[in-house]
$ cat input_29.cif   # mmCIF, C-alpha atoms
data_final
#
loop_
_atom_site.label_atom_id
_atom_site.label_comp_id
_atom_site.auth_asym_id
_atom_site.auth_seq_id
_atom_site.Cartn_x
_atom_site.Cartn_y
_atom_site.Cartn_z
CA MET L 1 92.64 108.34 -52.80
CA MET L 2 95.08 110.85 -51.28
CA GLU L 3 96.57 111.61 -54.72
CA ASP L 4 93.18 112.96 -55.79
CA LYS L 5 93.00 115.36 -52.88
CA PRO L 6 94.05 119.00 -53.39
CA LYS L 7 97.48 120.24 -52.39
CA VAL L 8 97.43 122.64 -49.44
CA SER L 9 100.11 125.31 -49.07
CA ILE L 10 100.78 126.32 -45.47
CA ILE L 11 102.69 129.58 -44.98
CA THR L 12 104.51 130.65 -41.83
CA ILE L 13 106.14 134.06 -41.65
CA CYS L 14 108.72 134.63 -38.94
CA LEU L 15 111.40 136.91 -37.58
CA ASN L 16 113.44 135.99 -34.49
CA SER L 17 110.86 133.46 -33.36
CA GLU L 18 113.08 130.92 -31.61
CA LYS L 19 110.87 130.87 -28.50
CA THR L 20 107.68 129.76 -30.27
CA ILE L 21 108.29 128.46 -33.78
CA LYS L 22 108.95 124.87 -32.72
CA ASP L 23 105.30 124.49 -31.71
CA THR L 24 104.25 125.90 -35.09
CA LEU L 25 106.49 123.46 -36.96
CA LEU L 26 105.29 120.51 -34.90
CA SER L 27 101.67 121.43 -35.53
CA VAL L 28 102.18 121.45 -39.30
CA LEU L 29 104.27 118.27 -39.23
CA GLY L 30 101.60 116.54 -37.15
CA GLN L 31 98.69 117.26 -39.48
CA THR L 32 96.55 114.25 -40.33
CA TYR L 33 96.38 115.48 -43.94
CA GLU L 34 99.49 114.69 -45.99
CA GLN L 35 99.21 116.68 -49.24
CA ILE L 36 100.88 119.73 -47.71
CA GLU L 37 103.52 122.09 -49.07
CA TYR L 38 105.05 124.12 -46.23
CA LEU L 39 106.58 127.53 -46.97
CA ILE L 40 108.47 129.43 -44.29
CA ILE L 41 109.09 133.09 -45.10
CA ASP L 42 111.77 134.34 -42.73
CA GLY L 43 112.71 138.03 -42.50
CA LYS L 44 116.42 137.37 -41.91
CA SER L 45 116.26 136.19 -38.30
CA THR L 46 119.35 136.80 -36.20
CA ASP L 47 118.54 134.43 -33.32
CA GLY L 48 118.22 130.64 -33.42
CA THR L 49 115.05 130.57 -35.54
CA LEU L 50 116.67 129.25 -38.70
CA ASN L 51 118.60 126.59 -36.78
CA ILE L 52 115.32 125.26 -35.37
CA ILE L 53 113.69 125.31 -38.81
CA ASN L 54 116.62 123.52 -40.42
CA ASP L 55 116.36 120.75 -37.85
CA PHE L 56 112.87 120.04 -39.21
CA VAL L 57 113.78 120.03 -42.90
CA PRO L 58 114.47 116.24 -43.13
CA LEU L 59 111.27 115.45 -41.21
CA PHE L 60 109.16 117.06 -43.94
CA ASN L 61 110.66 114.88 -46.70
CA GLY L 62 111.03 117.65 -49.26
CA ARG L 63 107.75 119.38 -48.44
CA LEU L 64 109.36 122.27 -46.52
CA LYS L 65 110.78 125.27 -48.36
CA ILE L 66 112.58 128.14 -46.62
CA ILE L 67 112.96 131.67 -47.94
CA SER L 68 115.05 133.97 -45.74
CA GLU L 69 115.35 137.56 -46.90
CA LYS L 70 114.40 141.05 -45.80
CA ASP L 71 110.81 142.14 -46.20
CA THR L 72 108.88 145.35 -45.61
CA GLY L 73 106.40 143.95 -43.10
CA ILE L 74 104.27 140.97 -42.16
CA TYR L 75 101.85 141.33 -45.07
CA ASN L 76 104.66 141.78 -47.57
CA ALA L 77 106.00 138.45 -46.30
CA MET L 78 102.55 136.83 -46.50
CA ASN L 79 102.04 138.05 -50.07
CA LYS L 80 105.46 136.67 -50.97
CA GLY L 81 104.41 133.29 -49.61
CA ILE L 82 101.10 133.31 -51.48
CA ARG L 83 102.82 134.13 -54.75
CA LYS L 84 105.23 131.23 -54.27
CA ALA L 85 102.58 128.76 -53.12
CA SER L 86 101.48 126.05 -55.53
CA GLY L 87 98.56 124.63 -53.54
CA GLU L 88 94.89 124.96 -54.44
CA ILE L 89 94.16 125.88 -50.81
CA ILE L 90 96.31 128.21 -48.70
CA GLY L 91 96.55 128.49 -44.93
CA ILE L 92 98.66 131.00 -43.01
CA ILE L 93 99.82 130.11 -39.51
CA ASN L 94 102.24 132.52 -37.86
CA SER L 95 105.27 131.61 -35.81
CA ASP L 96 103.58 132.22 -32.47
CA ASP L 97 100.49 130.19 -33.44
CA PHE L 98 99.85 126.49 -33.96
CA TYR L 99 97.20 124.28 -35.56
CA GLU L 100 95.03 121.60 -34.08
CA PRO L 101 95.98 118.19 -35.60
CA ASP L 102 92.93 117.90 -37.90
CA ALA L 103 92.80 121.55 -38.99
CA VAL L 104 94.00 121.06 -42.56
CA ARG L 105 91.94 117.91 -43.13
CA SER L 106 88.83 119.65 -41.81
CA ALA L 107 89.34 122.59 -44.19
CA VAL L 108 89.99 120.34 -47.18
CA ASN L 109 86.91 118.24 -46.45
CA VAL L 110 84.61 121.24 -46.76
CA LEU L 111 86.42 123.21 -49.48
CA ASP L 112 86.90 120.18 -51.71
CA THR L 113 83.20 119.25 -51.61
CA SER L 114 81.56 122.69 -51.82
CA LYS L 115 81.61 125.91 -53.80
CA CYS L 116 83.05 127.83 -50.85
CA GLN L 117 86.26 129.82 -51.13
CA ILE L 118 87.05 130.32 -47.44
CA ALA L 119 86.80 127.84 -44.57
CA TYR L 120 87.42 128.85 -40.97
CA GLY L 121 86.72 127.81 -37.42
CA PRO L 122 87.18 128.80 -33.78
CA MET L 123 90.58 129.74 -32.40
CA ARG L 124 91.88 129.44 -28.84
CA TYR L 125 93.78 132.37 -27.35
CA ILE L 126 96.66 131.53 -25.02
CA LYS L 127 97.93 133.92 -22.36
CA LYS L 128 101.11 133.15 -20.42
CA ASN L 129 101.01 129.54 -21.71
CA ARG L 130 97.48 128.97 -20.43
CA PRO L 131 94.22 128.86 -22.41
CA ASP L 132 92.45 132.20 -22.04
CA TRP L 133 89.38 132.27 -24.30
CA ILE L 134 88.06 131.01 -27.64
CA SER L 135 87.22 133.32 -30.53
CA ASP L 136 84.18 131.99 -32.36
CA PHE L 137 82.80 134.86 -34.47
CA HIS L 138 80.66 134.05 -37.53
CA HIS L 139 81.60 135.50 -40.92
CA ASP L 140 78.28 137.34 -41.07
CA LYS L 141 79.77 139.64 -38.42
CA LEU L 142 82.71 140.61 -40.67
CA PRO L 143 81.32 144.12 -41.33
CA PHE L 144 81.91 144.74 -37.62
CA VAL L 145 84.55 142.29 -36.34
CA MET L 146 87.27 140.00 -37.69
CA ILE L 147 87.12 136.22 -37.72
CA SER L 148 90.30 134.40 -36.63
CA HIS L 149 92.82 134.60 -39.46
CA PRO L 150 95.12 131.73 -38.32
CA ALA L 151 92.02 129.50 -38.39
CA CYS L 152 91.21 130.44 -42.03
CA PHE L 153 91.94 128.53 -45.22
CA VAL L 154 91.49 130.37 -48.53
CA THR L 155 91.36 128.96 -52.06
CA ARG L 156 93.78 130.16 -54.70
CA LYS L 157 90.71 131.20 -56.70
CA ALA L 158 89.65 133.66 -53.98
CA TYR L 159 93.06 135.34 -54.01
CA GLY L 160 92.85 135.56 -57.79
CA LEU L 161 89.42 137.18 -57.68
CA ASN L 162 89.82 139.52 -54.71
CA GLY L 163 93.55 140.17 -54.48
CA LEU L 164 96.22 139.68 -51.84
CA PHE L 165 96.90 141.63 -48.63
CA ASP L 166 96.92 145.42 -48.90
CA GLU L 167 100.41 146.22 -47.61
CA LYS L 168 99.55 149.78 -46.63
CA TYR L 169 98.00 148.26 -43.49
CA ARG L 170 100.59 147.33 -40.88
CA ILE L 171 98.49 145.27 -38.47
CA ALA L 172 95.01 144.52 -39.85
CA ALA L 173 95.38 143.75 -43.55
CA ASP L 174 93.98 140.30 -42.78
CA TYR L 175 90.71 141.98 -41.75
CA ASP L 176 90.70 144.05 -44.94
CA LEU L 177 91.22 140.87 -46.99
CA MET L 178 88.41 138.95 -45.31
CA LEU L 179 86.00 141.88 -45.38
CA ARG L 180 86.79 142.46 -49.05
CA ASN L 181 86.01 138.81 -49.80
CA TYR L 182 82.80 138.99 -47.80
CA LEU L 183 81.57 142.15 -49.54
CA ASN L 184 82.50 140.68 -52.93
CA LYS L 185 80.28 137.67 -52.17
CA SER L 186 82.95 135.02 -51.67
CA GLU L 187 81.35 132.01 -50.02
CA PHE L 188 82.48 131.25 -46.49
CA ILE L 189 81.89 128.09 -44.50
CA LYS L 190 82.33 127.80 -40.77
CA ILE L 191 83.81 124.61 -39.32
CA GLU L 192 82.38 123.87 -35.89
CA LYS L 193 85.57 122.62 -34.30
CA LEU L 194 88.70 124.22 -32.86
CA MET L 195 91.18 124.90 -35.66
CA ALA L 196 94.10 126.92 -34.28
CA ASN L 197 95.75 128.45 -31.23
CA HIS L 198 97.13 131.96 -30.87
CA ARG L 199 99.50 133.31 -28.25
CA LEU L 200 98.57 136.75 -26.99
CA GLY L 201 101.26 139.40 -26.93
CA GLY L 202 102.27 139.81 -30.58
CA ILE L 203 101.68 142.80 -32.82
CA SER L 204 98.14 141.65 -33.66
CA SER L 205 97.26 141.90 -29.97
CA ASN L 206 98.17 145.59 -29.89
CA GLU L 207 95.32 148.07 -29.38
CA MET L 208 96.51 149.83 -32.55
CA VAL L 209 94.73 147.07 -34.44
CA PHE L 210 91.40 148.70 -33.61
CA ASN L 211 92.52 151.91 -35.26
CA GLU L 212 93.20 150.08 -38.51
CA HIS L 213 89.96 148.12 -38.21
CA TYR L 214 87.95 151.33 -38.17
CA LYS L 215 89.89 152.72 -41.14
CA ILE L 216 89.19 149.51 -43.03
CA ARG L 217 85.50 149.65 -42.13
CA LEU L 218 85.36 153.26 -43.33
CA LYS L 219 87.05 152.36 -46.62
CA ASN L 220 84.66 149.49 -47.16
CA LYS L 221 81.64 151.58 -46.08
CA THR L 222 80.58 149.40 -43.16
CA ILE L 223 80.79 152.47 -40.93
CA SER L 224 79.76 156.02 -41.81
CA LEU L 225 82.21 158.93 -41.93
CA LYS L 226 80.10 160.61 -39.24
CA ASP L 227 80.47 157.66 -36.86
CA TYR L 228 84.17 157.31 -37.69
CA LEU L 229 84.80 160.96 -36.83
CA LEU L 230 82.75 160.61 -33.65
CA PHE L 231 84.82 157.61 -32.57
CA ARG L 232 87.99 159.60 -33.26
CA LEU L 233 86.68 162.47 -31.16
CA LEU L 234 85.96 160.05 -28.32
CA GLY L 235 89.45 158.59 -28.58
CA ILE L 236 88.20 155.15 -29.63
CA VAL L 237 90.05 155.35 -32.93
#
$ encode --input "input_29.cif" --output "structure tokens"
Amino acid sequence: MMEDKPKVSIITICLNSEKTIKDTLLSVLGQTYEQIEYLIIDGKSTDGTLNIINDFVPLFNGRLKIISEKDTGIYNAMNKGIRKASGEIIGIINSDDFYEPDAVRSAVNVLDTSKCQIAYGPMRYIKKNRPDWISDFHHDKLPFVMISHPACFVTRKAYGLNGLFDEKYRIAADYDLMLRNYLNKSEFIKIEKLMANHRLGGISSNEMVFNEHYKIRLKNKTISLKDYLLFRLLGIV
């Protein structure tokens, strides 16, 4: 029965996202899984973002909560959402991304019947409103490359064991979080179906992300100091 299924907390962080957030809201509203708590963490938007969100409030029948206040960055906002979430499983979908209709159900089906802490799947990248390519990395590659964070669902237990986002990273704290879980032996499971869509052009698409990735790899010892310094000399980092 649905009442026996775990609650899922979905978190969306946003700031002046009036051009894209409607698709995000629709994708959460349209999920085929119903035991969802939806938390929107807004950084005090000054455009029409909050008006769009408020239009959706009655459609969620009490399942949508809005927090609008200043934050110190995207991962500060994400950590705020995680701390306020009450679900056993947590997904984070940003305001320029959107889920596939069965994404939450697919994650629950595997996390609720296994000992895994993190479920994830492929993600489609969208460029100028057209599909560009699909990211389909396996978690075994995490020492070298990130899996798709909007397509990840993490148990509350994993956050309790391995911590939240490290806010000293501005762009790639999601990679640090996933790599930390991987190195600490959290169990991952890959779902072989498209889970989410991501619009290219946001901060996470910036080439600066690679700089933070290498710093994170150095901290977690998946790259040597010698190689890190060599990459810096070559201008890669």
$ residues_around --input "input_29.cif" --residues "range 163-178 of chain L" --least-positions-apart "6" --cutoff "7 Å" --atoms "only C-alpha atoms" --output "ChimeraX atom specification"
/L:75-76,79,146,149,203-204,209,212-213,216
$ resolve_selection --input "input_29.cif" --expression "the PyMOL selection byres ((chain L and resi 141) around 12)" --output "list in words"
Asp136, Phe137, His138, His139, Asp140, Leu142, Pro143, Phe144, Val145, Met146, Ile147, Ser148, Tyr175, Met178, Leu179, Tyr182, Leu183, Phe188 and Thr222 of chain L
$ residues_around --input "input_29.cif" --residues "Lys127 in chain L" --least-positions-apart "2" --cutoff "8 Å" --atoms "only C-alpha atoms" --output "PyMOL selection string"
chain L and resi 125+129-132+199-201
$ closest_residue --input "input_29.cif" --among "L:Asn181, L:Ser86, L:Gln31, L:Thr49" --to "Ile13 in chain L" --atoms "only C-alpha atoms"
L:Thr49
$ closest_residue --input "input_29.cif" --among "L:Asn197, L:Asn184, L:Ser45, L:Asn162" --to "Pro122 in chain L" --atoms "only C-alpha atoms"
L:Asn197
$ residues_near_point --input "input_29.cif" --point "(98.1, 136.2, -58.5)" --cutoff "7 Å" --atoms "only C-alpha atoms" --output "list in words"
Arg83, Tyr159 and Gly160 of chain L
